[in-house]
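Next comes structure_8.cif, with mmCIF, C-alpha atoms.
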```cif
data_work
loop_
_atom_site.group_PDB
_atom_site.id
_atom_site.type_symbol
_atom_site.label_atom_id
_atom_site.label_comp_id
_atom_site.auth_asym_id
_atom_site.auth_seq_id
_atom_site.Cartn_x
_atom_site.Cartn_y
_atom_site.Cartn_z
ATOM 1 C CA GLN C 635 -131.920 31.617 -28.477
ATOM 2 C CA THR C 636 -128.921 31.046 -30.714
ATOM 3 C CA MET C 637 -125.440 32.464 -30.437
ATOM 4 C CA PRO C 638 -123.684 32.283 -33.820
ATOM 5 C CA LYS C 639 -119.959 32.931 -33.703
ATOM 6 C CA ARG C 640 -118.561 35.852 -35.641
ATOM 7 C CA PRO C 641 -114.792 35.734 -36.140
ATOM 8 C CA SER C 642 -112.753 38.933 -35.991
ATOM 9 C CA ARG C 643 -109.009 38.662 -36.619
ATOM 10 C CA GLY C 644 -108.904 35.418 -34.679
ATOM 11 C CA ARG C 645 -111.167 36.584 -31.865
ATOM 12 C CA THR C 646 -114.650 35.229 -31.301
ATOM 13 C CA ARG C 647 -117.581 37.625 -31.305
ATOM 14 C CA TYR C 648 -121.065 36.564 -30.248
ATOM 15 C CA VAL C 649 -124.280 37.993 -31.609
ATOM 16 C CA PHE C 650 -127.550 37.097 -29.966
ATOM 17 C CA SER C 651 -130.445 36.086 -32.173
ATOM 18 C CA TYR C 652 -133.985 35.406 -31.001
ATOM 19 C CA GLU C 653 -136.376 33.289 -33.047
ATOM 20 C CA PRO C 654 -139.851 34.888 -33.284
ATOM 21 C CA LEU C 655 -142.475 32.829 -31.441
ATOM 22 C CA ASP C 656 -145.143 33.456 -34.073
ATOM 23 C CA GLY C 657 -143.153 31.811 -36.854
ATOM 24 C CA THR C 658 -142.517 35.020 -38.785
ATOM 25 C CA THR C 659 -139.237 35.533 -40.589
ATOM 26 C CA GLU C 660 -136.617 37.685 -38.919
ATOM 27 C CA PRO C 661 -135.657 40.852 -40.821
ATOM 28 C CA ASP C 662 -132.525 40.763 -42.936
ATOM 29 C CA THR C 663 -129.705 42.174 -40.795
ATOM 30 C CA SER C 664 -126.834 41.248 -43.099
ATOM 31 C CA GLU C 665 -125.953 44.869 -43.847
ATOM 32 C CA GLN C 666 -125.905 45.803 -40.152
ATOM 33 C CA ASP C 667 -123.960 42.638 -39.336
ATOM 34 C CA ALA C 668 -121.317 43.535 -41.937
ATOM 35 C CA ARG C 669 -120.996 47.028 -40.470
ATOM 36 C CA ASP C 670 -120.712 45.643 -36.930
ATOM 37 C CA LEU C 671 -117.973 43.282 -38.054
ATOM 38 C CA ALA C 672 -116.047 46.118 -39.739
ATOM 39 C CA VAL C 673 -116.324 48.278 -36.617
ATOM 40 C CA SER C 674 -115.271 45.351 -34.403
ATOM 41 C CA GLU C 675 -112.168 44.845 -36.509
ATOM 42 C CA PHE C 676 -111.368 48.570 -36.368
ATOM 43 C CA LEU C 677 -111.718 48.524 -32.577
ATOM 44 C CA ASP C 678 -109.510 45.445 -32.357
ATOM 45 C CA ARG C 679 -106.775 47.148 -34.386
ATOM 46 C CA THR C 680 -107.047 50.294 -32.291
ATOM 47 C CA SER C 681 -106.840 48.249 -29.095
ATOM 48 C CA ASP C 682 -103.626 46.692 -30.423
ATOM 49 C CA LEU C 683 -102.164 50.157 -31.111
ATOM 50 C CA ILE C 684 -103.048 51.333 -27.596
ATOM 51 C CA PHE C 685 -101.545 48.164 -26.119
ATOM 52 C CA HIS C 686 -98.231 48.577 -27.921
ATOM 53 C CA GLY C 687 -98.087 52.377 -27.945
ATOM 54 C CA GLY C 688 -98.916 52.971 -24.279
ATOM 55 C CA PRO C 689 -95.569 51.833 -22.862
ATOM 56 C CA ARG C 690 -93.837 54.070 -25.419
ATOM 57 C CA GLY C 691 -95.854 57.187 -24.607
ATOM 58 C CA MET C 692 -98.209 57.098 -27.600
ATOM 59 C CA GLU C 693 -101.716 57.555 -26.187
ATOM 60 C CA LEU C 694 -105.139 57.506 -27.818
ATOM 61 C CA ALA C 695 -106.728 60.958 -27.883
ATOM 62 C CA ARG C 696 -109.847 60.404 -29.972
ATOM 63 C CA LEU C 697 -111.635 57.655 -31.853
ATOM 64 C CA ASP C 698 -114.421 58.210 -34.375
ATOM 65 C CA ILE C 699 -116.572 55.328 -35.574
ATOM 66 C CA ALA C 700 -118.140 57.095 -38.577
ATOM 67 C CA THR C 701 -114.782 57.957 -40.153
ATOM 68 C CA ARG C 702 -112.876 54.952 -38.728
ATOM 69 C CA GLU C 703 -110.296 57.395 -37.417
ATOM 70 C CA ALA C 704 -108.125 56.933 -34.323
ATOM 71 C CA VAL C 705 -105.962 59.903 -33.300
ATOM 72 C CA PHE C 706 -102.959 59.413 -31.017
ATOM 73 C CA ARG C 707 -100.819 61.955 -29.171
ATOM 74 C CA GLU C 708 -97.264 61.683 -27.878
ATOM 75 C CA ALA C 709 -97.034 62.094 -24.121
ATOM 76 C CA SER C 710 -94.175 64.081 -22.589
ATOM 77 C CA CYS C 711 -93.060 60.810 -20.997
ATOM 78 C CA PRO C 712 -94.440 57.259 -20.952
ATOM 79 C CA ASP C 713 -96.635 56.300 -18.019
ATOM 80 C CA PRO C 714 -94.262 54.887 -15.364
ATOM 81 C CA VAL C 715 -96.935 52.606 -13.887
ATOM 82 C CA LYS C 716 -96.364 48.940 -14.705
ATOM 83 C CA PRO C 717 -99.251 46.808 -16.016
ATOM 84 C CA HIS C 718 -100.575 43.822 -14.097
ATOM 85 C CA TRP C 719 -102.405 41.279 -16.229
ATOM 86 C CA LEU C 720 -104.815 38.507 -15.304
ATOM 87 C CA THR C 721 -102.615 36.225 -17.407
ATOM 88 C CA PRO C 722 -99.216 35.289 -15.921
ATOM 89 C CA ALA C 723 -97.318 37.653 -18.218
ATOM 90 C CA ALA C 724 -98.119 40.392 -20.707
ATOM 91 C CA PRO C 725 -99.354 38.328 -23.676
ATOM 92 C CA ASP C 726 -98.346 38.973 -27.257
ATOM 93 C CA ASP C 727 -100.821 39.718 -30.051
ATOM 94 C CA ASP C 728 -101.585 36.113 -30.930
ATOM 95 C CA GLU C 729 -101.974 35.020 -27.318
ATOM 96 C CA ARG C 730 -104.296 37.909 -26.517
ATOM 97 C CA ARG C 731 -106.697 36.567 -29.128
ATOM 98 C CA GLU C 732 -107.216 33.499 -26.976
ATOM 99 C CA GLN C 733 -106.800 34.743 -23.409
ATOM 100 C CA HIS C 734 -108.675 36.857 -20.906
ATOM 101 C CA TRP C 735 -105.885 39.439 -20.713
ATOM 102 C CA ALA C 736 -107.790 42.125 -18.790
ATOM 103 C CA PRO C 737 -105.566 44.431 -16.710
ATOM 104 C CA GLN C 738 -105.841 44.357 -12.940
ATOM 105 C CA PRO C 739 -106.847 47.609 -11.171
ATOM 106 C CA PRO C 740 -103.308 48.944 -10.413
ATOM 107 C CA SER C 741 -102.428 48.928 -14.118
ATOM 108 C CA PRO C 742 -101.709 52.119 -16.104
ATOM 109 C CA ALA C 743 -104.389 54.050 -17.950
ATOM 110 C CA TRP C 744 -103.337 52.756 -21.383
ATOM 111 C CA ALA C 745 -103.869 49.143 -20.288
ATOM 112 C CA HIS C 746 -107.436 49.809 -19.121
ATOM 113 C CA LEU C 747 -108.120 51.797 -22.286
ATOM 114 C CA ALA C 748 -106.867 48.979 -24.520
ATOM 115 C CA TRP C 749 -109.191 46.568 -22.725
ATOM 116 C CA LEU C 750 -112.125 49.008 -22.896
ATOM 117 C CA VAL C 751 -111.773 49.467 -26.662
ATOM 118 C CA HIS C 752 -111.434 45.705 -27.112
ATOM 119 C CA ASP C 753 -114.655 45.172 -25.135
ATOM 120 C CA LEU C 754 -116.925 47.786 -26.774
ATOM 121 C CA PRO C 755 -118.239 45.514 -29.574
ATOM 122 C CA LEU C 756 -120.399 43.892 -26.871
ATOM 123 C CA LEU C 757 -122.660 46.915 -27.400
ATOM 124 C CA PHE C 758 -123.802 45.463 -30.728
ATOM 125 C CA ALA C 759 -125.183 42.296 -29.135
ATOM 126 C CA PHE C 760 -127.587 44.373 -27.023
ATOM 127 C CA ARG C 761 -129.045 46.547 -29.764
ATOM 128 C CA ASP C 762 -132.557 45.139 -29.176
ATOM 129 C CA TYR C 763 -132.293 44.846 -25.394
ATOM 130 C CA GLY C 764 -135.050 46.524 -23.359
ATOM 131 C CA GLU C 765 -135.627 50.081 -24.579
ATOM 132 C CA GLY C 766 -132.862 49.498 -27.106
ATOM 133 C CA GLY C 767 -129.127 49.692 -26.695
ATOM 134 C CA PRO C 768 -127.195 52.776 -27.795
ATOM 135 C CA GLU C 769 -125.089 53.099 -30.939
ATOM 136 C CA LEU C 770 -121.370 53.722 -30.539
ATOM 137 C CA ASP C 771 -120.127 57.071 -31.908
ATOM 138 C CA GLY C 772 -116.570 57.093 -30.597
ATOM 139 C CA ILE C 773 -114.307 57.815 -27.637
ATOM 140 C CA ASP C 774 -112.739 61.019 -26.293
ATOM 141 C CA VAL C 775 -109.651 60.644 -24.092
ATOM 142 C CA PRO C 776 -108.582 64.058 -22.742
ATOM 143 C CA GLY C 777 -105.860 62.544 -20.530
ATOM 144 C CA ARG C 778 -104.927 59.541 -18.462
ATOM 145 C CA ALA C 779 -107.587 60.064 -15.795
ATOM 146 C CA TYR C 780 -110.639 58.948 -17.789
ATOM 147 C CA ALA C 781 -112.156 58.281 -21.199
ATOM 148 C CA ASP C 782 -115.613 59.293 -22.414
ATOM 149 C CA VAL C 783 -117.371 56.649 -24.489
ATOM 150 C CA LEU C 784 -119.663 58.517 -26.892
ATOM 151 C CA VAL C 785 -122.947 56.761 -27.591
ATOM 152 C CA ARG C 786 -126.143 57.835 -29.314
ATOM 153 C CA HIS C 787 -129.529 56.862 -27.891
ATOM 154 C CA ARG C 788 -132.837 57.987 -29.393
ATOM 155 C CA GLY C 789 -131.087 60.693 -31.384
ATOM 156 C CA VAL C 790 -129.182 62.164 -28.418
ATOM 157 C CA GLN C 791 -125.457 61.768 -27.826
ATOM 158 C CA TRP C 792 -124.371 60.737 -24.329
ATOM 159 C CA ARG C 793 -120.939 60.494 -22.745
ATOM 160 C CA VAL C 794 -120.249 57.509 -20.518
ATOM 161 C CA ARG C 795 -117.218 58.319 -18.376
ATOM 162 C CA VAL C 796 -114.835 55.459 -17.662
ATOM 163 C CA GLN C 797 -112.147 55.874 -15.006
ATOM 164 C CA LEU C 798 -108.696 54.839 -16.210
ATOM 165 C CA GLU C 799 -106.253 55.931 -13.509
ATOM 166 C CA GLY C 800 -106.598 54.871 -9.888
ATOM 167 C CA ARG C 801 -109.079 52.086 -10.471
ATOM 168 C CA THR C 802 -110.037 49.898 -7.519
ATOM 169 C CA ASP C 803 -111.858 47.240 -9.509
ATOM 170 C CA GLU C 804 -111.402 45.431 -12.800
ATOM 171 C CA LEU C 805 -112.963 47.035 -15.867
ATOM 172 C CA ASP C 806 -114.874 44.172 -17.429
ATOM 173 C CA HIS C 807 -117.849 43.840 -19.789
ATOM 174 C CA ALA C 808 -117.987 47.617 -20.257
ATOM 175 C CA GLY C 809 -119.911 47.299 -23.516
ATOM 176 C CA MET C 810 -122.547 45.142 -21.864
ATOM 177 C CA HIS C 811 -122.897 47.450 -18.839
ATOM 178 C CA ILE C 812 -123.314 50.509 -21.048
ATOM 179 C CA ALA C 813 -125.894 48.767 -23.226
ATOM 180 C CA GLU C 814 -127.884 47.536 -20.220
ATOM 181 C CA THR C 815 -127.865 50.978 -18.612
ATOM 182 C CA PHE C 816 -129.642 52.426 -21.633
ATOM 183 C CA GLY C 817 -131.787 49.383 -22.347
ATOM 184 C CA ASP C 818 -133.049 49.336 -18.751
ATOM 185 C CA GLY C 819 -133.788 53.064 -18.862
ATOM 186 C CA ASP C 820 -131.361 53.857 -16.014
ATOM 187 C CA TYR C 821 -129.393 56.467 -17.937
ATOM 188 C CA HIS C 822 -131.536 59.435 -16.858
ATOM 189 C CA ARG C 823 -131.250 58.479 -13.192
ATOM 190 C CA LEU C 824 -127.470 58.177 -13.465
ATOM 191 C CA ALA C 825 -126.926 61.417 -15.402
ATOM 192 C CA ASP C 826 -124.680 64.058 -13.838
ATOM 193 C CA GLU C 827 -126.674 66.869 -12.238
ATOM 194 C CA HIS C 828 -124.441 69.481 -13.879
ATOM 195 C CA ASP C 829 -124.282 67.775 -17.271
ATOM 196 C CA PRO C 830 -127.520 65.989 -18.205
ATOM 197 C CA HIS C 831 -125.877 63.930 -20.957
ATOM 198 C CA LEU C 832 -122.922 62.646 -18.921
ATOM 199 C CA ILE C 833 -122.975 59.358 -17.024
ATOM 200 C CA ASP C 834 -120.076 58.568 -14.685
ATOM 201 C CA MET C 835 -120.619 54.846 -14.113
ATOM 202 C CA LEU C 836 -117.504 52.762 -14.802
#
```

What do you get writing this file as C-alpha cells?
Amino acid sequence: QTMPKRPSRGRTRYVFSYEPLDGTTEPDTSEQDARDLAVSEFLDRTSDLIFHGGPRGMELARLDIATREAVFREASCPDPVKPHWLTPAAPDDDERREQHWAPQPPSPAWAHLAWLVHDLPLLFAFRDYGEGGPELDGIDVPGRAYADVLVRHRGVQWRVRVQLEGRTDELDHAGMHIAETFGDGDYHRLADEHDPHLIDML
C-alpha cells in the first residue's frame, strides 16, 4: 500500500493506491485524479469563504460540484455563538493549512460547516472501498441546524444529514465516515423510515 501526497493550496491530500498482487498494471487514473484535485481545491476555497463569512453573517446555502458553484445567503444577523478551536486561537489562512483546526462541539454552525467542507475530499480516497464509495454531488444547507451532504451511489442520490447546531461531539473525518457507510453497505439500514434516501448519521 502506498500513500502518495497530493498538494492542494498548501494542504496535504492522501490518495490510497493498492498494487495488484498478480503483477498486472493498474488502470490509468490520471484524469480522475486531476478532477479530484480540482474539486479538492474548490472545496478548500469554499471552506475558506465559510470560515471568514460566518462571523459576518454570510452563510453557505448550496454547493454544487458539477458546476463548481457555491451560493451564499446573508443572514438577518451573524450567529452570536463564539467558536472554540482545537488550536489555542482561531488560526489564520496560512496556519490552518498546517494545523488541526477543527471546531469543538459548542462552536457555531458556520465553524462546523467550514470543517465539514474542508474534510469532504476524504471521500475520494475511499472510491474503491468495499462496495464502492459514493461520489460527491454537493451540499444543501437550509439553515444553521444541519447540512445535507449530497452523494450518489449506484446511480441513486442520497442525503447524509450532518448536525451543525447543538453538537455534543467533534465532527471529524466526515468524508471517511460517509464513504465507509456506503462501502460497508450500511446505508440501507441507516436510512430514515420516512425518507428512504436520507441518512441522519453525523

Residues in the PyMOL selection byres ((chain C and resi 741) around 7), expressed as a VMD selection string: chain C and resid 715 to 718 737 to 740 742 to 743 745

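Shortest separation to Leu750 in chain C among C:Pro712, C:Gly809, C:Gly687, C:Gly800 occurs at residue C:Gly809, atoms counted being only C-alpha atoms.
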
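Note that the spacing between CA of Leu805 in chain C and CA of Trp719 in chain C amounts to 12.0 Å.
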
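The coordinates place CA of Gly766 in chain C at 19.7 Å from CA of Ala668 in chain C.
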
Given the PyMOL selection byres ((chain C and resi 772) around 9), the residues it picks as a list in words: Arg696, Leu697, Asp698, Ile699, Ala700, Leu770, Asp771, Ile773, Asp774, Asp782, Val783, Leu784 and Val785 of chain C
